[in-house]
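Peer 1: This is final.txt, which holds compact mmCIF, C-alpha atoms and all ligand atoms:
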# COMPACT_ATOMS: atom_id res chain seq x y z
CA MET A 1 18.91 -31.85 169.65
CA THR A 2 22.06 -33.90 170.11
CA LEU A 3 24.17 -35.07 167.21
CA ARG A 4 22.92 -38.59 167.74
CA GLN A 5 19.31 -37.44 167.59
CA ALA A 6 20.02 -35.36 164.49
CA GLN A 7 21.56 -38.36 162.77
CA ASP A 8 18.52 -40.40 163.60
CA GLY A 9 16.14 -37.76 162.37
CA GLY A 10 15.24 -36.81 165.92
CA SER A 11 13.51 -40.08 166.71
CA SER A 12 12.28 -40.33 170.27
CA ALA A 13 14.25 -43.54 170.70
CA THR A 14 17.48 -41.56 170.83
CA ARG A 15 16.55 -38.68 173.11
CA SER A 16 18.51 -38.28 176.30
CA ALA A 17 17.93 -40.74 179.11
CA ARG A 18 18.77 -38.99 182.38
CA PHE A 19 17.13 -41.01 185.08
CA LEU A 20 17.15 -41.43 188.81
CA ILE A 21 15.90 -44.59 190.41
CA VAL A 22 14.62 -44.08 193.95
CA GLY A 23 13.27 -46.60 196.40
CA PRO A 24 13.88 -47.91 199.89
CA GLN A 25 16.69 -50.31 200.65
CA GLY A 26 15.64 -53.72 199.41
CA SER A 27 13.31 -52.30 196.75
CA GLY A 28 15.41 -53.89 194.01
CA LYS A 29 16.48 -50.54 192.59
CA GLY A 30 20.07 -51.69 192.06
CA THR A 31 19.02 -54.63 189.90
CA GLN A 32 16.39 -52.67 188.01
CA GLY A 33 18.75 -49.72 187.56
CA VAL A 34 21.26 -51.94 185.76
CA LEU A 35 18.53 -53.22 183.43
CA VAL A 36 17.26 -49.73 182.65
CA ALA A 37 20.81 -48.52 181.99
CA GLY A 38 21.40 -51.41 179.59
CA ALA A 39 18.20 -50.83 177.67
CA TYR A 40 18.78 -47.09 177.29
CA ASP A 41 22.48 -47.54 176.58
CA VAL A 42 23.66 -45.30 179.40
CA PRO A 43 25.87 -46.02 182.43
CA GLN A 44 24.40 -46.93 185.79
CA VAL A 45 25.95 -44.78 188.50
CA ALA A 46 25.38 -46.23 191.96
CA THR A 47 27.06 -44.23 194.71
CA GLY A 48 26.91 -47.14 197.18
CA ASP A 49 28.74 -49.39 194.69
CA ILE A 50 31.39 -46.73 194.08
CA PHE A 51 31.94 -46.27 197.81
CA ARG A 52 32.10 -50.03 198.43
CA ALA A 53 34.60 -50.51 195.60
CA ASN A 54 36.79 -47.84 197.19
CA VAL A 55 36.53 -49.48 200.61
CA SER A 56 37.49 -52.90 199.30
CA GLY A 57 40.25 -51.37 197.15
CA GLY A 58 41.68 -49.62 200.22
CA THR A 59 41.78 -46.18 198.50
CA GLU A 60 42.03 -42.87 200.36
CA LEU A 61 38.33 -42.28 199.70
CA GLY A 62 37.55 -45.78 200.93
CA LYS A 63 39.37 -45.15 204.19
CA ARG A 64 37.45 -41.92 204.72
CA VAL A 65 34.03 -43.47 204.20
CA GLN A 66 34.35 -47.00 205.59
CA ALA A 67 33.16 -46.33 209.15
CA ILE A 68 30.29 -44.16 207.91
CA ILE A 69 29.03 -46.84 205.55
CA GLU A 70 29.33 -49.57 208.14
CA ALA A 71 27.14 -47.54 210.49
CA GLY A 72 24.59 -46.93 207.71
CA ASP A 73 25.06 -43.16 208.01
CA LEU A 74 25.38 -40.81 205.07
CA VAL A 75 28.72 -39.75 203.64
CA SER A 76 29.01 -35.94 203.51
CA ASP A 77 27.01 -34.21 200.81
CA ASP A 78 30.03 -32.34 199.45
CA LEU A 79 32.14 -35.44 199.07
CA THR A 80 29.32 -37.47 197.53
CA SER A 81 28.29 -34.73 195.12
CA GLU A 82 31.87 -34.24 193.99
CA LEU A 83 32.17 -37.95 193.32
CA VAL A 84 28.96 -37.91 191.26
CA ARG A 85 29.95 -34.79 189.29
CA ASP A 86 33.24 -36.46 188.38
CA ARG A 87 31.47 -39.59 187.24
CA LEU A 88 28.80 -37.74 185.23
CA SER A 89 31.49 -35.67 183.53
CA ARG A 90 32.91 -38.75 181.83
CA PRO A 91 32.05 -39.00 178.13
CA ASP A 92 29.91 -42.13 178.50
CA ALA A 93 27.39 -40.16 180.58
CA ALA A 94 26.94 -37.38 178.01
CA GLY A 95 23.67 -38.78 176.66
CA GLY A 96 22.31 -40.01 179.95
CA PHE A 97 22.73 -42.11 183.07
CA VAL A 98 20.79 -43.99 185.67
CA LEU A 99 21.64 -42.61 189.09
CA ASP A 100 21.04 -45.02 191.95
CA GLY A 101 21.51 -43.90 195.55
CA TYR A 102 21.99 -40.23 194.71
CA PRO A 103 20.58 -37.71 195.43
CA ARG A 104 19.56 -38.93 198.85
CA ASN A 105 18.51 -35.69 200.52
CA ARG A 106 17.48 -32.15 199.68
CA THR A 107 21.01 -30.73 199.65
CA GLN A 108 22.10 -33.35 197.15
CA VAL A 109 19.08 -32.50 194.98
CA ASP A 110 20.28 -28.89 194.93
CA HIS A 111 23.82 -29.98 194.07
CA LEU A 112 22.62 -32.15 191.21
CA ASP A 113 20.32 -29.40 189.91
CA ALA A 114 23.18 -26.91 189.87
CA PHE A 115 25.45 -29.36 188.06
CA LEU A 116 22.90 -30.29 185.41
CA GLU A 117 21.74 -26.71 184.91
CA GLY A 118 25.35 -25.70 184.35
CA ARG A 119 25.40 -28.14 181.46
CA GLY A 120 22.02 -27.13 180.10
CA GLU A 121 20.59 -30.51 181.07
CA SER A 122 17.76 -31.77 183.21
CA LEU A 123 16.39 -35.09 184.41
CA ASP A 124 14.02 -36.91 182.10
CA ALA A 125 12.40 -39.10 184.74
CA VAL A 126 12.62 -40.17 188.34
CA ILE A 127 11.61 -43.81 188.71
CA GLU A 128 10.03 -44.37 192.11
CA LEU A 129 10.03 -48.04 193.09
CA SER A 130 7.34 -48.41 195.65
CA VAL A 131 7.72 -51.27 198.14
CA PRO A 132 6.09 -51.57 201.58
CA ARG A 133 8.38 -51.40 204.60
CA GLU A 134 7.85 -55.04 205.68
CA GLU A 135 8.68 -56.28 202.20
CA SER A 136 11.90 -54.31 201.98
CA ILE A 137 13.00 -55.48 205.44
CA ALA A 138 12.33 -59.11 204.46
CA ARG A 139 14.36 -58.70 201.27
CA LEU A 140 17.25 -57.08 203.14
CA ARG A 141 17.37 -59.97 205.60
CA GLN A 142 17.55 -62.34 202.66
CA ARG A 143 20.30 -60.27 201.04
CA ALA A 144 22.25 -60.30 204.31
CA VAL A 145 22.30 -64.08 204.16
CA GLU A 146 23.17 -64.21 200.45
CA GLN A 147 25.70 -61.39 200.09
CA GLY A 148 27.08 -60.80 203.57
CA ARG A 149 27.20 -57.01 203.20
CA THR A 150 28.61 -55.53 206.40
CA ASP A 151 25.84 -52.89 206.50
CA ASP A 152 23.04 -55.47 206.31
CA THR A 153 22.83 -56.17 210.07
CA GLU A 154 19.47 -55.58 211.81
CA GLU A 155 20.61 -52.42 213.55
CA VAL A 156 22.24 -50.84 210.53
CA ILE A 157 19.30 -51.78 208.28
CA ALA A 158 16.97 -49.97 210.68
CA ASN A 159 19.20 -46.89 210.58
CA ARG A 160 19.36 -46.87 206.78
CA LEU A 161 15.60 -47.26 206.44
CA ALA A 162 14.98 -44.48 208.96
CA ILE A 163 17.29 -42.16 207.01
CA TYR A 164 15.49 -43.14 203.81
CA GLU A 165 12.10 -42.30 205.23
CA ARG A 166 13.24 -39.07 206.85
CA GLU A 167 15.54 -37.65 204.19
CA THR A 168 15.21 -39.48 200.90
CA ALA A 169 11.48 -40.10 200.49
CA PRO A 170 10.77 -36.34 200.74
CA ILE A 171 12.91 -35.60 197.69
CA LEU A 172 10.27 -37.37 195.64
CA ASP A 173 7.90 -34.49 196.40
CA VAL A 174 10.36 -32.07 194.87
CA TYR A 175 10.52 -34.11 191.68
CA ARG A 176 6.77 -34.75 191.76
CA SER A 177 6.18 -31.01 191.64
CA ARG A 178 8.24 -31.00 188.44
CA GLY A 179 6.03 -33.69 186.97
CA ILE A 180 8.85 -36.16 186.29
CA VAL A 181 8.15 -38.93 188.81
CA VAL A 182 7.18 -42.29 187.34
CA ARG A 183 5.79 -44.41 190.15
CA VAL A 184 6.12 -48.15 189.73
CA ASP A 185 4.85 -50.92 191.99
CA GLY A 186 7.98 -52.76 193.09
CA VAL A 187 6.20 -55.84 194.41
CA GLY A 188 6.29 -58.78 192.02
CA THR A 189 8.86 -60.86 190.22
CA LEU A 190 11.95 -59.17 188.88
CA ASP A 191 10.61 -59.47 185.31
CA GLU A 192 7.21 -58.08 186.22
CA VAL A 193 8.75 -55.03 187.82
CA THR A 194 11.15 -54.51 184.89
CA HIS A 195 8.19 -54.67 182.55
CA ARG A 196 6.27 -52.07 184.51
CA ILE A 197 9.26 -49.71 184.46
CA PHE A 198 9.72 -49.94 180.70
CA GLU A 199 6.02 -49.52 180.06
CA ALA A 200 5.84 -46.48 182.28
CA LEU A 201 8.90 -44.86 180.69
CA SER A 202 7.82 -45.72 177.16
CA SER A 203 4.37 -44.24 177.75
CA ARG A 204 6.17 -40.96 178.49
CA GLY A 205 7.99 -41.12 175.18
CA LEU A 206 11.18 -42.42 176.80
CA VAL A 207 11.70 -45.35 174.49
CA PRO A 208 14.63 -47.76 175.09
CA ARG A 209 17.32 -47.96 172.41
CA HIS A 210 17.56 -51.69 173.00
CA PRO A 211 13.98 -52.77 173.57
CA GLY A 212 15.18 -56.39 173.50
CA ALA A 213 16.85 -55.75 176.83
CA ALA A 214 13.50 -54.62 178.18
CA ALA A 215 12.06 -58.12 178.25
P1 LIG B 1 21.35 -48.84 200.47
O1 LIG B 1 20.51 -48.02 199.56
O2 LIG B 1 20.97 -50.27 200.51
O3 LIG B 1 21.52 -48.26 201.84
P2 LIG B 1 23.70 -48.08 198.92
O4 LIG B 1 24.52 -49.10 198.24
O5 LIG B 1 22.91 -47.15 198.06
O6 LIG B 1 22.81 -48.93 199.90
O7 LIG B 1 24.59 -47.19 199.90
C1 LIG B 1 25.42 -47.77 200.86
C2 LIG B 1 26.00 -46.68 201.76
O8 LIG B 1 26.81 -45.79 200.99
C3 LIG B 1 24.97 -45.78 202.44
O9 LIG B 1 24.44 -46.34 203.62
C4 LIG B 1 25.82 -44.54 202.71
O10 LIG B 1 26.68 -44.73 203.81
C5 LIG B 1 26.68 -44.45 201.47
N1 LIG B 1 26.00 -43.64 200.41
C6 LIG B 1 25.54 -44.10 199.22
N2 LIG B 1 24.98 -43.10 198.52
C7 LIG B 1 25.09 -41.99 199.28
C8 LIG B 1 24.69 -40.64 199.12
N3 LIG B 1 24.04 -40.22 198.02
N4 LIG B 1 24.96 -39.77 200.11
C9 LIG B 1 25.61 -40.16 201.22
N5 LIG B 1 26.00 -41.41 201.45
C10 LIG B 1 25.76 -42.33 200.49
Please re-express this file's structure in structure tokens.
Ligand code: ADP

Peer 2:
Amino acid sequence: MTLRQAQDGGSSATRSARFLIVGPQGSGKGTQGVLVAGAYDVPQVATGDIFRANVSGGTELGKRVQAIIEAGDLVSDDLTSELVRDRLSRPDAAGGFVLDGYPRNRTQVDHLDAFLEGRGESLDAVIELSVPREESIARLRQRAVEQGRTDDTEEVIANRLAIYERETAPILDVYRSRGIVVRVDGVGTLDEVTHRIFEALSSRGLVPRHPGAAA
């Protein structure tokens, strides 16, 4: 039991909240991940956001990864895992986190397992946002118009989705075999989907600290 749980008499509302959110590009996982993080009072850690911030900030890391991101390919596992370990080692992630965009393949699953095991931790849930291919492509086209992300061109979108289907979707089987996957229908309004996520997590005893945020 953590100190915070002990102080609260071990209430389930204060247990750890170590989550992954997994879904195809355009599934809305970024938006939902932020909401989950807020409700459970943990940081959202989105590898794509961290890489993009480094690209726009012109850092050494940004220069190394820019061409890879613009092609929709994956940054190396070692570099990405190191970045995530650094981020998860910060004090604000001690009680939990919402990882978005990592792990993205089997090697990264192994890296994350090794890191968490070394700290005596494990994931509490993997939120699978399920969205049909056509729907996610339509949403990405819309996002391309609205946000102008350089990796939201037709060709790069197709590459990213292919990598998702080939490398990322299979990691869900690994987590399914551990019994921690919470599958949520990602088709609906933003609020509907948020609601489904909180209901599914709460029904597993993973109760938000700020239920108000779970509207
Ligand atoms: P999306 O899920 O829409 O492709 P992200 O914002 O998650 O977008 O990621 C953008 C890009 O950042 C990816 O296409 C990839 O180049 C890089 N990236 C993000 N996360 C990872 C990761 N876990 N491993 C390798 N590359 C990553």

Peer 1: Do a neighbour search on stretch 132-136 of chain A at 9 Å with all atoms listed in the file, toss out local chain neighbours closer than 6 positions, and write the hits as a ChimeraX atom specification.

Peer 2: /A:24-28,161,186-187

Peer 1: Kindly extract all protein, DNA and RNA residues lying within 12 Å of the coordinates (6.4, -36.7, 193.5) given in the file, considering all atoms listed in the file, and supply them as a PDB file with C-alpha atoms, in the coordinates of the input.

Peer 2:
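Dumped to out_5.pdb:
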ATOM      1  CA  VAL A  22      14.620 -44.080 193.950  1.00  0.00           C
ATOM      2  CA  ALA A 125      12.400 -39.100 184.740  1.00  0.00           C
ATOM      3  CA  VAL A 126      12.620 -40.170 188.340  1.00  0.00           C
ATOM      4  CA  ILE A 127      11.610 -43.810 188.710  1.00  0.00           C
ATOM      5  CA  GLU A 128      10.030 -44.370 192.110  1.00  0.00           C
ATOM      6  CA  LEU A 129      10.030 -48.040 193.090  1.00  0.00           C
ATOM      7  CA  SER A 130       7.340 -48.410 195.650  1.00  0.00           C
ATOM      8  CA  THR A 168      15.210 -39.480 200.900  1.00  0.00           C
ATOM      9  CA  ALA A 169      11.480 -40.100 200.490  1.00  0.00           C
ATOM     10  CA  PRO A 170      10.770 -36.340 200.740  1.00  0.00           C
ATOM     11  CA  ILE A 171      12.910 -35.600 197.690  1.00  0.00           C
ATOM     12  CA  LEU A 172      10.270 -37.370 195.640  1.00  0.00           C
ATOM     13  CA  ASP A 173       7.900 -34.490 196.400  1.00  0.00           C
ATOM     14  CA  VAL A 174      10.360 -32.070 194.870  1.00  0.00           C
ATOM     15  CA  TYR A 175      10.520 -34.110 191.680  1.00  0.00           C
ATOM     16  CA  ARG A 176       6.770 -34.750 191.760  1.00  0.00           C
ATOM     17  CA  SER A 177       6.180 -31.010 191.640  1.00  0.00           C
ATOM     18  CA  ARG A 178       8.240 -31.000 188.440  1.00  0.00           C
ATOM     19  CA  GLY A 179       6.030 -33.690 186.970  1.00  0.00           C
ATOM     20  CA  ILE A 180       8.850 -36.160 186.290  1.00  0.00           C
ATOM     21  CA  VAL A 181       8.150 -38.930 188.810  1.00  0.00           C
ATOM     22  CA  VAL A 182       7.180 -42.290 187.340  1.00  0.00           C
ATOM     23  CA  ARG A 183       5.790 -44.410 190.150  1.00  0.00           C
TER      24      ARG A 183
END

Peer 1: Mind running chain A against ligand LIG 1 (chain B) at 10 Å and telling me each contacting residue's nearest atom pair with the distance in Å (one decimal), counting only C-alpha atoms and all ligand atoms, chain and number ascending, as CSV?

Peer 2:
residue,atom,partner,partner_atom,distance
A:Val22,CA,B:LIG1,O1,9.0
A:Gly23,CA,B:LIG1,O1,8.0
A:Pro24,CA,B:LIG1,O1,6.6
A:Gln25,CA,B:LIG1,O2,4.3
A:Gly26,CA,B:LIG1,O2,6.4
A:Ser27,CA,B:LIG1,O2,8.8
A:Gly28,CA,B:LIG1,O2,9.3
A:Lys29,CA,B:LIG1,O1,8.4
A:Gly30,CA,B:LIG1,O5,8.0
A:Ala46,CA,B:LIG1,O5,6.6
A:Thr47,CA,B:LIG1,N2,4.5
A:Gly48,CA,B:LIG1,O4,3.3
A:Asp49,CA,B:LIG1,O4,5.5
A:Ile50,CA,B:LIG1,C6,8.2
A:Phe51,CA,B:LIG1,O8,6.1
A:Arg52,CA,B:LIG1,O8,7.2
A:Val65,CA,B:LIG1,O10,7.5
A:Gln66,CA,B:LIG1,O10,8.2
A:Ala67,CA,B:LIG1,O10,8.5
A:Ile68,CA,B:LIG1,O10,5.5
A:Ile69,CA,B:LIG1,O10,3.6
A:Glu70,CA,B:LIG1,O10,7.0
A:Ala71,CA,B:LIG1,O10,7.3
A:Gly72,CA,B:LIG1,O9,4.1
A:Asp73,CA,B:LIG1,O10,4.8
A:Leu74,CA,B:LIG1,N5,3.7
A:Val75,CA,B:LIG1,N5,3.9
A:Ser76,CA,B:LIG1,C9,5.9
A:Asp77,CA,B:LIG1,N4,6.0
A:Asp78,CA,B:LIG1,N4,9.0
A:Leu79,CA,B:LIG1,C9,8.3
A:Thr80,CA,B:LIG1,N4,5.6
A:Ser81,CA,B:LIG1,N3,7.5
A:Leu83,CA,B:LIG1,N3,9.7
A:Val84,CA,B:LIG1,N3,8.7
A:Leu99,CA,B:LIG1,N3,9.6
A:Asp100,CA,B:LIG1,O5,6.7
A:Gly101,CA,B:LIG1,O5,4.3
A:Tyr102,CA,B:LIG1,N3,3.9
A:Pro103,CA,B:LIG1,N3,5.0
A:Arg104,CA,B:LIG1,N3,4.7
A:Asn105,CA,B:LIG1,N3,7.6
A:Thr107,CA,B:LIG1,N4,9.9
A:Gln108,CA,B:LIG1,N3,7.2
A:Val109,CA,B:LIG1,N3,9.7
A:Leu140,CA,B:LIG1,O2,8.2
A:Arg149,CA,B:LIG1,O2,9.6
A:Asp151,CA,B:LIG1,O9,7.3
A:Asp152,CA,B:LIG1,O2,8.1
A:Val156,CA,B:LIG1,O9,8.5
A:Ile157,CA,B:LIG1,O3,7.7
A:Asn159,CA,B:LIG1,O9,8.7
A:Arg160,CA,B:LIG1,O3,5.6
A:Leu161,CA,B:LIG1,O3,7.6
A:Ile163,CA,B:LIG1,O9,8.9
A:Tyr164,CA,B:LIG1,O3,8.2
A:Thr168,CA,B:LIG1,N3,9.3

Peer 1: Between atom CA of A:Thr150 and atom CA of A:Gly58, what is the spacing in Å?

Peer 2: 15.6 Å

Peer 1: Which residues come within 8 Å of stretch 85-89 of chain A, counting all atoms listed in the file, excluding same-chain residues fewer than 4 positions away, as a PyMOL selection string?

Peer 2: chain A and resi 45+81+93-94+97+115

Peer 1: Can those selected residues be exported to a file as an mmCIF file, keeping the file's coordinate frame so that it contains C-alpha atoms?

Peer 2:
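out21.cif written:
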data_model
loop_
_atom_site.group_PDB
_atom_site.id
_atom_site.type_symbol
_atom_site.label_atom_id
_atom_site.label_comp_id
_atom_site.auth_asym_id
_atom_site.auth_seq_id
_atom_site.Cartn_x
_atom_site.Cartn_y
_atom_site.Cartn_z
ATOM 1 C CA VAL A 45 25.950 -44.780 188.500
ATOM 2 C CA SER A 81 28.290 -34.730 195.120
ATOM 3 C CA ALA A 93 27.390 -40.160 180.580
ATOM 4 C CA ALA A 94 26.940 -37.380 178.010
ATOM 5 C CA PHE A 97 22.730 -42.110 183.070
ATOM 6 C CA PHE A 115 25.450 -29.360 188.060
#

Peer 1: Near A:Thr194, within 7 Å and counting all atoms listed in the file, which residues show up once chain neighbours fewer than 4 positions away are dropped, as a list in words?

Peer 2: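 Neighbouring residues, sequence-local ones excluded: Gln32, Leu190 and Phe198 of chain A.
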
Peer 1: Go through A:Pro43, A:Ala138, A:Leu61, A:Val193 and flag the residue nearest A:Pro91, using all atoms listed in the file for the distances.

Peer 2: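 Of the candidates, the smallest distance to A:Pro91 is held by A:Pro43.
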